[in-house]
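Reproduced below: input_27.cif, with mmCIF, C-alpha atoms and all ligand atoms.
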data_model
#
loop_
_atom_site.label_atom_id
_atom_site.label_comp_id
_atom_site.auth_asym_id
_atom_site.auth_seq_id
_atom_site.Cartn_x
_atom_site.Cartn_y
_atom_site.Cartn_z
CA MET A 395 -22.28 -10.20 20.98
CA TYR A 396 -21.44 -7.38 18.59
CA VAL A 397 -24.16 -4.76 18.19
CA MET A 398 -23.36 -2.09 15.60
CA THR A 399 -26.62 -0.16 15.45
CA ARG A 400 -25.27 3.31 16.26
CA SER A 401 -22.39 2.89 13.89
CA TRP A 402 -24.63 1.97 10.97
CA GLU A 403 -27.27 4.62 11.69
CA LYS A 404 -24.65 7.36 11.81
CA TYR A 405 -22.89 5.97 8.76
CA ARG A 406 -26.14 5.94 6.75
CA HIS A 407 -26.75 9.55 7.84
CA SER A 408 -23.24 10.51 6.69
CA THR A 409 -23.89 9.25 3.14
CA LYS A 410 -26.22 12.25 2.65
CA PHE A 411 -23.18 14.50 2.92
CA LEU A 412 -20.09 12.37 2.37
CA GLY A 413 -19.83 11.02 -1.19
CA SER A 414 -20.53 7.27 -1.17
CA GLY A 415 -19.92 7.29 2.59
CA SER A 416 -16.12 7.17 2.42
CA SER A 417 -13.36 9.12 0.68
CA THR A 418 -11.48 5.84 0.13
CA SER A 419 -13.48 3.40 -2.04
CA SER A 420 -12.18 0.25 -0.39
CA LYS A 421 -12.84 1.48 3.15
CA ALA A 422 -16.63 1.83 2.67
CA PRO A 423 -18.30 -0.84 4.83
CA GLN A 424 -20.24 -3.54 2.99
CA PHE A 425 -21.87 -5.79 5.58
CA GLU A 426 -24.69 -4.01 7.34
CA ASN A 427 -24.69 -4.63 11.10
CA ALA A 428 -21.84 -7.11 10.68
CA GLU A 429 -18.95 -4.75 10.01
CA PRO A 430 -17.70 -1.70 11.93
CA ALA A 431 -19.15 1.14 9.83
CA LEU A 432 -17.52 3.94 11.82
CA ILE A 433 -14.31 3.71 13.79
CA GLU A 434 -13.75 5.94 16.80
CA ARG A 435 -10.17 5.21 17.84
CA GLY A 436 -7.26 2.80 17.73
CA LYS A 437 -4.51 1.76 20.14
CA GLY A 438 -1.75 -0.73 19.42
CA CYS A 439 -3.22 -3.49 17.25
CA ARG A 440 -6.84 -2.77 18.22
CA VAL A 441 -9.58 -0.44 17.01
CA TRP A 442 -12.97 0.46 18.49
CA ASP A 443 -16.11 1.39 16.59
CA ILE A 444 -18.52 4.06 17.82
CA ASP A 445 -20.71 1.39 19.46
CA GLY A 446 -17.70 0.55 21.66
CA ASN A 447 -16.96 -2.82 20.01
CA GLU A 448 -13.30 -3.83 20.05
CA TYR A 449 -11.56 -5.46 17.07
CA ILE A 450 -8.07 -6.90 16.67
CA ASP A 451 -7.14 -5.03 13.52
CA TYR A 452 -5.26 -6.38 10.51
CA ARG A 453 -6.44 -3.64 8.10
CA ASN A 454 -3.91 -1.13 9.45
CA GLY A 455 -5.59 1.77 7.66
CA LEU A 456 -5.22 -0.40 4.50
CA GLY A 457 -1.47 -0.46 4.85
CA PRO A 458 0.08 2.63 6.42
CA VAL A 459 0.01 1.54 10.06
CA THR A 460 3.05 -0.73 10.39
CA LEU A 461 3.87 -0.07 14.05
CA GLY A 462 0.37 0.13 15.53
CA TYR A 463 -2.09 2.88 16.39
CA CYS A 464 -0.95 5.72 18.66
CA VAL A 465 2.58 4.45 19.23
CA PRO A 466 3.98 6.76 21.97
CA GLU A 467 7.37 7.43 20.26
CA ILE A 468 5.69 8.46 17.00
CA ASN A 469 2.94 10.50 18.69
CA LYS A 470 5.62 12.31 20.70
CA ALA A 471 7.56 13.23 17.54
CA ILE A 472 4.37 14.54 15.91
CA SER A 473 3.26 16.58 18.93
CA GLU A 474 6.71 18.07 19.48
CA GLN A 475 6.75 19.20 15.85
CA LEU A 476 3.18 20.53 16.22
CA GLU A 477 4.48 22.94 18.85
CA LYS A 478 6.98 24.29 16.30
CA GLY A 479 4.67 24.55 13.29
CA ILE A 480 3.30 22.53 10.38
CA VAL A 481 4.22 24.21 7.07
CA PHE A 482 6.55 27.07 6.29
CA GLY A 483 7.51 29.31 3.36
CA HIS A 484 11.02 27.83 3.23
CA PRO A 485 12.20 24.25 3.70
CA HIS A 486 12.02 23.13 7.31
CA VAL A 487 15.11 21.40 8.69
CA VAL A 488 13.15 18.15 9.12
CA GLU A 489 12.68 17.80 5.33
CA GLY A 490 16.38 17.31 4.54
CA GLU A 491 16.88 15.18 7.66
CA ALA A 492 14.05 12.80 6.72
CA ALA A 493 15.42 12.60 3.15
CA GLU A 494 18.91 11.74 4.46
CA MET A 495 17.50 8.97 6.64
CA LEU A 496 15.62 7.50 3.66
CA VAL A 497 18.72 7.60 1.45
CA ASP A 498 20.45 5.65 4.19
CA VAL A 499 17.90 2.79 4.22
CA ILE A 500 16.57 2.58 0.62
CA PRO A 501 19.05 0.98 -1.82
CA CYS A 502 17.99 2.86 -5.00
CA ALA A 503 17.60 6.26 -3.28
CA GLU A 504 20.35 8.73 -4.17
CA ARG A 505 17.86 11.54 -3.78
CA VAL A 506 14.34 11.91 -2.31
CA LYS A 507 11.37 14.26 -2.80
CA PHE A 508 8.14 14.26 -0.83
CA LEU A 509 4.49 14.46 -1.84
CA LYS A 510 1.29 13.46 -0.07
CA THR A 511 -0.18 10.34 -1.69
CA GLY A 512 1.21 7.25 -3.36
CA GLY A 513 -0.63 7.77 -6.63
CA GLU A 514 0.61 11.34 -6.88
CA ALA A 515 4.23 10.25 -6.40
CA ILE A 516 3.88 7.55 -9.07
CA ALA A 517 2.47 10.22 -11.43
CA ALA A 518 5.57 12.32 -10.67
CA CYS A 519 7.86 9.41 -11.62
CA ILE A 520 5.91 8.87 -14.84
CA LYS A 521 6.33 12.54 -15.80
CA ILE A 522 10.05 12.40 -14.97
CA ALA A 523 10.46 9.23 -17.06
CA ARG A 524 8.73 10.77 -20.07
CA SER A 525 10.87 13.86 -19.80
CA ALA A 526 14.14 11.91 -19.34
CA THR A 527 13.55 9.44 -22.18
CA ASN A 528 11.59 11.69 -24.52
CA LYS A 529 9.17 8.81 -25.00
CA SER A 530 5.48 8.64 -24.16
CA ARG A 531 4.20 5.12 -23.50
CA ILE A 532 3.89 3.67 -20.00
CA VAL A 533 3.42 0.02 -19.14
CA GLN A 534 2.06 -0.84 -15.70
CA CYS A 535 1.55 -3.86 -13.52
CA GLY A 536 -0.82 -3.85 -10.55
CA TYR A 537 -2.60 -0.92 -8.94
CA ASN A 538 -0.54 2.28 -8.85
CA GLY A 539 -3.12 4.75 -7.53
CA TRP A 540 -6.26 6.19 -9.10
CA ILE A 541 -4.46 9.01 -10.91
CA ASN A 542 -2.59 6.38 -12.91
CA CYS A 543 -5.49 4.04 -13.79
CA LEU A 544 -5.37 5.22 -17.37
CA SER A 545 -5.06 2.12 -19.49
CA ALA A 546 -7.83 0.54 -21.56
CA PRO A 547 -9.31 -1.92 -20.78
CA GLY A 548 -8.90 -0.70 -17.27
CA GLY A 549 -5.69 -2.29 -16.16
CA SER A 550 -5.75 -2.60 -12.45
CA VAL A 551 -8.24 -0.45 -10.65
CA PRO A 552 -9.14 -0.54 -6.96
CA ALA A 553 -11.46 -3.24 -5.68
CA GLY A 554 -15.08 -2.39 -6.27
CA ILE A 555 -14.57 -0.42 -9.49
CA ALA A 556 -15.38 -2.61 -12.46
CA ASN A 557 -13.05 -2.72 -15.46
CA SER A 558 -14.82 -1.31 -18.45
CA GLN A 559 -13.99 -0.68 -22.07
CA PRO A 560 -13.33 2.18 -22.57
CA LEU A 561 -12.56 3.43 -19.06
CA LYS A 562 -14.97 6.13 -17.95
CA GLY A 563 -13.37 9.55 -17.67
CA ILE A 564 -10.25 8.70 -19.70
CA PRO A 565 -10.03 10.07 -23.25
CA HIS A 566 -8.69 7.59 -25.81
CA GLU A 567 -5.76 9.94 -26.55
CA ILE A 568 -4.55 9.34 -22.99
CA SER A 569 -5.46 5.67 -22.53
CA SER A 570 -3.69 4.79 -25.80
CA LEU A 571 -0.41 5.72 -24.10
CA HIS A 572 -0.99 3.48 -21.04
CA SER A 573 -0.97 -0.29 -21.03
CA SER A 574 -1.32 -2.79 -18.26
CA LEU A 575 0.34 -6.22 -18.30
CA GLY A 576 0.14 -9.16 -15.94
CA TRP A 577 2.57 -10.04 -13.15
CA ALA A 578 5.20 -12.53 -14.37
CA ASP A 579 3.46 -12.85 -17.76
CA TYR A 580 6.85 -13.10 -19.48
CA GLU A 581 5.54 -13.65 -23.00
CA ALA A 582 3.26 -10.60 -22.88
CA TRP A 583 6.09 -8.37 -21.63
CA GLU A 584 8.55 -9.64 -24.29
CA LYS A 585 5.96 -9.11 -27.02
CA PHE A 586 4.93 -5.66 -25.81
CA PHE A 587 8.51 -4.42 -25.66
CA ALA A 588 9.37 -5.99 -29.02
CA GLU A 589 6.43 -4.17 -30.63
CA ASN A 590 6.55 -0.85 -28.75
CA GLY A 591 10.03 -0.68 -27.22
CA LYS A 592 11.16 2.50 -28.93
CA ASN A 593 8.18 4.41 -27.50
CA ILE A 594 8.20 3.10 -23.92
CA ALA A 595 9.27 5.65 -21.31
CA ALA A 596 8.85 3.43 -18.26
CA ALA A 597 7.56 0.26 -16.68
CA VAL A 598 5.80 0.80 -13.35
CA ILE A 599 5.43 -2.31 -11.23
CA ALA A 600 3.61 -3.08 -7.99
CA SER A 601 4.21 -6.57 -6.59
CA ASN A 602 1.46 -9.14 -6.85
CA TYR A 603 0.91 -10.25 -3.24
CA ALA A 604 -0.46 -13.74 -3.92
CA GLU A 605 2.31 -14.62 -6.38
CA ILE A 606 5.03 -12.44 -4.91
CA GLU A 607 7.57 -15.31 -4.85
CA LYS A 608 7.84 -14.94 -8.64
CA GLY A 609 9.52 -11.57 -8.02
CA HIS A 610 12.83 -13.46 -7.81
CA GLU A 611 12.73 -14.00 -11.59
CA PHE A 612 10.25 -11.36 -12.74
CA PHE A 613 12.01 -8.25 -11.42
CA PRO A 614 15.43 -9.09 -12.95
CA PHE A 615 13.61 -10.01 -16.19
CA VAL A 616 11.87 -6.60 -16.40
CA ARG A 617 15.07 -4.84 -15.38
CA LYS A 618 16.87 -6.43 -18.35
CA LEU A 619 13.99 -5.69 -20.72
CA THR A 620 13.81 -2.01 -19.75
CA GLU A 621 17.58 -1.66 -20.12
CA LYS A 622 17.52 -3.32 -23.53
CA TYR A 623 14.88 -0.88 -24.83
CA GLY A 624 16.05 2.26 -23.01
CA ALA A 625 13.01 2.52 -20.71
CA LEU A 626 13.14 3.39 -17.01
CA LEU A 627 12.02 1.02 -14.25
CA ILE A 628 9.82 2.48 -11.50
CA ILE A 629 8.93 0.23 -8.56
CA ASP A 630 5.76 0.87 -6.60
CA GLU A 631 6.92 0.13 -3.03
CA ILE A 632 3.77 1.63 -1.51
CA VAL A 633 2.82 -1.66 0.18
CA THR A 634 6.15 -3.51 0.06
CA GLY A 635 8.26 -0.64 1.44
CA PHE A 636 8.94 -0.90 5.18
CA ARG A 637 7.21 -4.25 5.11
CA LEU A 638 9.24 -6.84 3.10
CA ALA A 639 12.31 -4.81 3.98
CA MET A 640 12.76 -1.12 4.73
CA GLY A 641 13.84 -0.69 1.11
CA GLY A 642 10.87 -2.77 -0.06
CA ALA A 643 10.79 -5.28 -2.92
CA HIS A 644 13.92 -3.96 -4.62
CA GLU A 645 15.92 -4.50 -1.42
CA TYR A 646 14.30 -7.86 -0.74
CA PHE A 647 14.70 -9.20 -4.30
CA ASP A 648 18.03 -7.41 -4.72
CA PHE A 649 17.75 -5.45 -7.97
CA MET A 650 18.13 -1.76 -8.80
CA PRO A 651 15.24 0.28 -10.25
CA ASP A 652 15.71 3.84 -11.56
CA MET A 653 13.05 5.21 -9.23
CA ALA A 654 10.74 3.91 -6.51
CA VAL A 655 7.76 5.24 -4.58
CA PHE A 656 7.12 4.82 -0.86
CA ALA A 657 3.92 5.97 0.84
CA LYS A 658 2.24 3.59 3.24
CA GLY A 659 4.44 2.27 5.99
CA PHE A 660 7.16 4.81 6.45
CA ALA A 661 5.22 7.32 8.57
CA ASN A 662 2.94 4.93 10.50
CA GLY A 663 -0.21 6.54 9.14
CA MET A 664 0.81 10.15 8.62
CA PRO A 665 -0.03 11.26 5.07
CA VAL A 666 3.23 11.47 3.11
CA SER A 667 4.78 9.82 0.06
CA ALA A 668 8.31 9.86 -1.27
CA TYR A 669 9.62 9.35 -4.77
CA VAL A 670 13.23 8.33 -4.67
CA GLY A 671 15.93 7.14 -7.05
CA ARG A 672 18.73 8.29 -9.30
CA GLY A 673 19.82 11.79 -8.33
CA ASP A 674 19.57 13.26 -11.86
CA LEU A 675 16.00 11.98 -12.25
CA ILE A 676 14.69 13.17 -8.88
CA ASP A 677 16.44 16.53 -9.28
CA SER A 678 14.75 16.96 -12.69
CA ALA A 679 11.33 17.28 -11.00
CA LYS A 680 11.94 20.98 -10.33
CA GLY A 681 12.49 21.80 -14.01
CA ILE A 682 9.38 19.99 -15.23
CA GLY A 683 6.85 21.43 -12.83
CA ILE A 684 6.40 18.74 -10.19
CA SER A 685 5.75 20.53 -6.91
CA SER A 686 3.27 20.65 -4.06
CA THR A 687 2.69 23.14 -1.25
CA PHE A 688 2.41 20.32 1.28
CA GLY A 689 5.40 18.23 0.12
CA GLY A 690 7.53 19.34 3.06
CA GLU A 691 4.74 19.31 5.68
CA ALA A 692 6.65 18.90 8.89
CA LEU A 693 4.35 16.77 11.12
CA SER A 694 4.52 13.86 8.67
CA LEU A 695 8.26 14.25 8.16
CA ALA A 696 8.84 14.27 11.92
CA ALA A 697 6.90 10.99 11.94
CA VAL A 698 9.09 9.62 9.10
CA LYS A 699 12.23 10.29 11.14
CA ALA A 700 10.72 8.71 14.25
CA VAL A 701 9.48 5.67 12.30
CA ILE A 702 12.88 4.99 10.70
CA SER A 703 14.59 5.24 14.11
CA PHE A 704 11.95 2.94 15.59
CA TYR A 705 12.48 0.36 12.81
CA LYS A 706 16.22 0.40 13.42
CA GLN A 707 15.95 0.09 17.20
CA ASN A 708 13.23 -2.54 17.34
CA LYS A 709 13.80 -5.06 14.52
CA VAL A 710 10.37 -4.24 13.08
CA ILE A 711 10.85 -6.02 9.75
CA GLU A 712 11.81 -9.23 11.57
CA HIS A 713 8.70 -8.88 13.72
CA LEU A 714 6.38 -8.43 10.70
CA TRP A 715 7.76 -11.57 9.05
CA GLU A 716 8.01 -13.72 12.18
CA THR A 717 4.64 -12.81 13.70
CA GLY A 718 2.96 -13.07 10.28
CA GLY A 719 4.73 -16.44 9.99
CA ILE A 720 2.97 -17.64 13.14
CA LEU A 721 -0.50 -16.29 12.32
CA TRP A 722 -1.14 -16.91 8.61
CA PRO A 723 -0.09 -20.57 8.32
CA GLN A 724 -2.41 -21.28 11.30
CA VAL A 725 -5.31 -19.50 9.56
CA ASP A 726 -4.56 -21.59 6.48
CA LYS A 727 -4.74 -24.73 8.65
CA LEU A 728 -8.12 -23.62 10.03
CA PHE A 729 -9.47 -23.30 6.47
CA LYS A 730 -8.34 -26.88 5.82
CA LYS A 731 -9.66 -28.18 9.16
CA TYR A 732 -13.15 -26.84 8.42
CA ASN A 733 -13.07 -27.72 4.71
CA ILE A 734 -13.31 -24.12 3.58
CA SER A 735 -12.15 -23.56 0.00
CA ALA A 736 -9.88 -20.65 0.87
CA ARG A 737 -6.14 -20.24 1.39
CA ILE A 738 -3.43 -17.83 2.40
CA LYS A 739 -1.03 -17.00 -0.41
CA GLY A 740 2.14 -14.96 -0.73
CA PHE A 741 4.61 -13.81 1.90
CA ASN A 742 3.65 -13.76 5.58
CA ALA A 743 4.56 -10.06 5.78
CA CYS A 744 1.85 -9.17 3.21
CA PRO A 745 -0.32 -12.21 2.50
CA GLN A 746 -3.42 -12.39 0.36
CA ILE A 747 -6.47 -14.33 1.52
CA GLU A 748 -7.92 -16.11 -1.50
CA PHE A 749 -11.41 -17.62 -1.72
CA ASP A 750 -12.81 -19.87 -4.44
CA LYS A 751 -16.10 -18.00 -4.26
CA THR A 752 -16.75 -14.32 -3.47
CA GLU A 753 -19.71 -15.20 -1.23
CA LEU A 754 -17.45 -17.40 0.86
CA GLY A 755 -15.07 -14.47 1.37
CA SER A 756 -17.97 -12.23 2.36
CA GLU A 757 -19.15 -14.76 4.93
CA PHE A 758 -15.65 -15.16 6.33
CA PHE A 759 -15.06 -11.41 6.70
CA ARG A 760 -18.53 -10.90 8.20
CA ASN A 761 -18.04 -13.71 10.74
CA SER A 762 -14.58 -12.40 11.59
CA TYR A 763 -15.92 -8.91 12.41
CA LEU A 764 -18.68 -10.44 14.51
CA ASN A 765 -16.01 -12.32 16.46
CA GLY A 766 -13.86 -9.23 16.92
CA VAL A 767 -11.25 -9.47 14.13
CA SER A 768 -11.01 -6.88 11.36
CA LEU A 769 -9.45 -8.22 8.14
CA TYR A 770 -9.07 -7.29 4.49
CA ASN A 771 -8.19 -9.48 1.52
CA VAL A 772 -4.58 -8.31 1.98
CA SER A 773 -4.10 -8.24 5.75
CA TYR A 774 -1.02 -7.32 7.74
CA VAL A 775 0.50 -7.96 11.10
CA ASN A 776 1.91 -4.76 12.61
CA TYR A 777 4.58 -4.30 15.28
CA SER A 778 1.94 -4.08 18.04
CA HIS A 779 0.58 -7.57 17.39
CA LYS A 780 2.23 -9.66 20.09
CA GLU A 781 1.98 -13.38 20.82
CA LYS A 782 -1.10 -13.05 23.03
CA ASP A 783 -2.92 -11.02 20.33
CA ILE A 784 -2.12 -13.71 17.77
CA ASP A 785 -3.43 -16.45 20.12
CA GLU A 786 -6.61 -14.47 20.71
CA THR A 787 -7.00 -13.84 16.98
CA LEU A 788 -6.70 -17.55 16.22
CA GLN A 789 -9.33 -18.45 18.82
CA LYS A 790 -11.71 -15.84 17.38
CA LEU A 791 -11.02 -16.85 13.79
CA GLU A 792 -11.63 -20.50 14.57
CA LYS A 793 -15.12 -19.56 15.78
CA ALA A 794 -15.63 -17.41 12.66
CA ILE A 795 -14.51 -20.17 10.30
CA ALA A 796 -16.35 -22.94 12.14
CA SER A 797 -19.62 -21.02 11.74
CA ILE A 798 -19.32 -20.65 7.95
C1 LIG B 801 0.44 -0.78 -4.49
C2 LIG B 801 -0.26 0.55 -4.39
N1 LIG B 801 0.11 1.53 -5.19
C3 LIG B 801 -0.48 2.75 -5.14
C4 LIG B 801 -1.49 3.02 -4.26
C5 LIG B 801 -2.10 4.37 -4.21
O1 LIG B 801 -1.69 5.07 -3.08
P1 LIG B 801 -2.59 6.32 -2.59
O2 LIG B 801 -3.92 5.75 -2.23
O3 LIG B 801 -1.83 6.89 -1.44
O4 LIG B 801 -2.65 7.26 -3.75
C6 LIG B 801 -1.93 2.01 -3.40
C7 LIG B 801 -3.04 2.25 -2.46
O5 LIG B 801 -3.77 1.40 -2.08
C8 LIG B 801 -1.31 0.75 -3.46
O6 LIG B 801 -1.69 -0.24 -2.65
#

Just dump the structure as structure tokens.
Ligand SMILES: Cc1ncc(COP(=O)(O)O)c(C=O)c1O
Amino acid sequence: MYVMTRSWEKYRHSTKFLGSGSSTSSKAPQFENAEPALIERGKGCRVWDIDGNEYIDYRNGLGPVTLGYCVPEINKAISEQLEKGIVFGHPHVVEGEAAEMLVDVIPCAERVKFLKTGGEAIAACIKIARSATNKSRIVQCGYNGWINCLSAPGGSVPAGIANSQPLKGIPHEISSLHSSLGWADYEAWEKFFAENGKNIAAAVIASNYAEIEKGHEFFPFVRKLTEKYGALLIIDEIVTGFRLAMGGAHEYFDFMPDMAVFAKGFANGMPVSAYVGRGDLIDSAKGIGISSTFGGEALSLAAVKAVISFYKQNKVIEHLWETGGILWPQVDKLFKKYNISARIKGFNACPQIEFDKTELGSEFFRNSYLNGVSLYNVSYVNYSHKEKDIDETLQKLEKAIASI
């Protein structure tokens, strides 16, 4: 029996001081007394709320935790660096070492620079693209971070923020330069490039998780289109990086973008992003004013090095695919067994749970929490989920689904 009283009381109290109760829109709890409102700690594939309830966790911090919470090897790297210092007035040795390791595992990376968040690194690539092409328009696909939600009518904005026309807080002069097109909507992309090609600086694409299979044709198609019109191709690997493959979608689907952004996944939760790609483009950041005090922050970069070594030594990518390949098809079967109009779509390494009705989704997530499983509409297996955790998850989810 899950009682969450303390968690919700303290959470409600926090909303007096903490804007809308969470700094990340999609982390704010929705289901009163049926969802962990405040987490206290995590270990492996499990988290505990402040009432002491335990959950098998598939939210993974909404993406960054690919190995599990408090993995000893990564914690050790962070604490050893902590003893030496966090930020310095010159580059720390770890910055170049982490960059070299990324160049080694990311196909499009000739050079690397670090920032703190995914959205910020995408914004850096957009500025570089405009400078390199001397063009101004940007065409996007999917969510690329709040800083880049600039297109009218809204493009892709995080869950919970309604699309509106015009977008609040975005002057028309800016939104007129940003457009958002659908995943694998070939006709729309052809038409947009035919009409605006000479003004397009870059296409920025995040994979669509439910329909990700279409990446086999869509990515080469956009690559050709951008080449034809002299635009750059920027791939948002924030979710796909270190999940589909270390090098993300462009490694998995085997094509070459001009730049790519990594953020979640390559530091197991430490706050760091990397924009990578053609050497001339990444080098140009210095001359066009892209810089941040915390870009070379050493605790996160020590974690990056430890995470890459861990991936290489432990076949992490194989684990994410194989373990996801055991769990998600079984969840799909449970939906069918209990006649629930819901399904698992996309790749098992980053599947999307799709419901015919929103209320059905709400009931499923609520029941799952109350049975000790924490999910999100895109849920991930991490390296700490082992066979016994998957078995336990399936037992708990069967109870959750049966009681819908
Ligand atoms: C595909 C994708 N791109 C960009 C972002 C933005 O990253 P950040 O929140 O670190 O700015 C996210 C975050 O959810 C994301 O999932």

Sorted by chain and rising residue number, which residues of chain A lie within 6 Å of ligand LIG 801 (chain B), and what are their closest atom pairs and distances in Å to one decimal, counting all atoms listed in the file, as a tab-separated table?
residue	atom	partner	partner_atom	distance
A:Thr511	CA	B:LIG801	O3	3.8
A:Gly512	CA	B:LIG801	O3	3.6
A:Gly513	CA	B:LIG801	O4	3.6
A:Tyr537	CA	B:LIG801	N1	5.2
A:Asn538	CA	B:LIG801	C3	3.7
A:Gly539	CA	B:LIG801	C5	3.5
A:Ala600	CA	B:LIG801	C1	5.3
A:Asp630	CA	B:LIG801	N1	5.9
A:Ile632	CA	B:LIG801	C2	5.1
A:Val633	CA	B:LIG801	C1	5.3

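Interatomic distance, CA of Asn593 in chain A against CA of Arg524 in chain A: 9.8 Å.
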
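Distance-wise, CA of Asp783 in chain A and CA of Cys439 in chain A end up 8.1 Å apart.
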
Residues of range 428-512 of chain A that have any atom at most 12 Å from an atom of range 734-757 of chain A: could you tabulate them with the shortest-distance atom pair and the distance in Å to one decimal, using all atoms listed in the file, ordered by chain and increasing number, as a Markdown table?
| residue | atom | partner | partner_atom | distance |
| --- | --- | --- | --- | --- |
| A:Ala428 | CA | A:Glu757 | CA | 9.9 |
| A:Glu429 | CA | A:Ser756 | CA | 10.7 |
| A:Tyr452 | CA | A:Cys744 | CA | 10.6 |
| A:Arg453 | CA | A:Cys744 | CA | 11.1 |
| A:Asn454 | CA | A:Cys744 | CA | 11.7 |
| A:Leu456 | CA | A:Cys744 | CA | 11.3 |
| A:Gly457 | CA | A:Cys744 | CA | 9.5 |
| A:Thr460 | CA | A:Ala743 | CA | 10.5 |

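Between CA of Lys793 in chain A and CA of Ile433 in chain A lies a distance of 23.4 Å.
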
*Pick out the closest residue to Ile795 in chain A from this set: A:Glu716, A:Glu494, A:Glu467, A:Asp726. Count only C-alpha atoms.*
A:Asp726

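Among A:Ser416, A:Asn662, A:Ser678, A:Ser686, the residue with the shortest atom-to-atom distance to Ile702 in chain A, counting all atoms listed in the file, is A:Asn662.
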
(5.5, -0.1, -19.0) in this file's frame - what residues fall within 12 Å of it? Use all atoms listed in the file and give the answer as a PDB file with C-alpha atoms, in the coordinates of the input.
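Just written: out20.pdb:
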ATOM      1  CA  ILE A 520       5.910   8.870 -14.840  1.00  0.00           C
ATOM      2  CA  ALA A 523      10.460   9.230 -17.060  1.00  0.00           C
ATOM      3  CA  ARG A 524       8.730  10.770 -20.070  1.00  0.00           C
ATOM      4  CA  LYS A 529       9.170   8.810 -25.000  1.00  0.00           C
ATOM      5  CA  SER A 530       5.480   8.640 -24.160  1.00  0.00           C
ATOM      6  CA  ARG A 531       4.200   5.120 -23.500  1.00  0.00           C
ATOM      7  CA  ILE A 532       3.890   3.670 -20.000  1.00  0.00           C
ATOM      8  CA  VAL A 533       3.420   0.020 -19.140  1.00  0.00           C
ATOM      9  CA  GLN A 534       2.060  -0.840 -15.700  1.00  0.00           C
ATOM     10  CA  CYS A 535       1.550  -3.860 -13.520  1.00  0.00           C
ATOM     11  CA  GLY A 536      -0.820  -3.850 -10.550  1.00  0.00           C
ATOM     12  CA  SER A 545      -5.060   2.120 -19.490  1.00  0.00           C
ATOM     13  CA  GLY A 549      -5.690  -2.290 -16.160  1.00  0.00           C
ATOM     14  CA  LEU A 571      -0.410   5.720 -24.100  1.00  0.00           C
ATOM     15  CA  HIS A 572      -0.990   3.480 -21.040  1.00  0.00           C
ATOM     16  CA  SER A 573      -0.970  -0.290 -21.030  1.00  0.00           C
ATOM     17  CA  SER A 574      -1.320  -2.790 -18.260  1.00  0.00           C
ATOM     18  CA  LEU A 575       0.340  -6.220 -18.300  1.00  0.00           C
ATOM     19  CA  GLY A 576       0.140  -9.160 -15.940  1.00  0.00           C
ATOM     20  CA  TRP A 577       2.570 -10.040 -13.150  1.00  0.00           C
ATOM     21  CA  ALA A 582       3.260 -10.600 -22.880  1.00  0.00           C
ATOM     22  CA  TRP A 583       6.090  -8.370 -21.630  1.00  0.00           C
ATOM     23  CA  GLU A 584       8.550  -9.640 -24.290  1.00  0.00           C
ATOM     24  CA  PHE A 586       4.930  -5.660 -25.810  1.00  0.00           C
ATOM     25  CA  PHE A 587       8.510  -4.420 -25.660  1.00  0.00           C
ATOM     26  CA  ASN A 590       6.550  -0.850 -28.750  1.00  0.00           C
ATOM     27  CA  GLY A 591      10.030  -0.680 -27.220  1.00  0.00           C
ATOM     28  CA  LYS A 592      11.160   2.500 -28.930  1.00  0.00           C
ATOM     29  CA  ASN A 593       8.180   4.410 -27.500  1.00  0.00           C
ATOM     30  CA  ILE A 594       8.200   3.100 -23.920  1.00  0.00           C
ATOM     31  CA  ALA A 595       9.270   5.650 -21.310  1.00  0.00           C
ATOM     32  CA  ALA A 596       8.850   3.430 -18.260  1.00  0.00           C
ATOM     33  CA  ALA A 597       7.560   0.260 -16.680  1.00  0.00           C
ATOM     34  CA  VAL A 598       5.800   0.800 -13.350  1.00  0.00           C
ATOM     35  CA  ILE A 599       5.430  -2.310 -11.230  1.00  0.00           C
ATOM     36  CA  ALA A 600       3.610  -3.080  -7.990  1.00  0.00           C
ATOM     37  CA  VAL A 616      11.870  -6.600 -16.400  1.00  0.00           C
ATOM     38  CA  ARG A 617      15.070  -4.840 -15.380  1.00  0.00           C
ATOM     39  CA  LEU A 619      13.990  -5.690 -20.720  1.00  0.00           C
ATOM     40  CA  THR A 620      13.810  -2.010 -19.750  1.00  0.00           C
ATOM     41  CA  TYR A 623      14.880  -0.880 -24.830  1.00  0.00           C
ATOM     42  CA  GLY A 624      16.050   2.260 -23.010  1.00  0.00           C
ATOM     43  CA  ALA A 625      13.010   2.520 -20.710  1.00  0.00           C
ATOM     44  CA  LEU A 626      13.140   3.390 -17.010  1.00  0.00           C
ATOM     45  CA  LEU A 627      12.020   1.020 -14.250  1.00  0.00           C
ATOM     46  CA  ILE A 628       9.820   2.480 -11.500  1.00  0.00           C
ATOM     47  CA  ILE A 629       8.930   0.230  -8.560  1.00  0.00           C
TER      48      ILE A 629
END

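With distances restricted to all atoms listed in the file, A:Leu721 is the closest residue to Lys780 in chain A from A:Leu721, A:Ala794, A:Val655, A:Leu695.
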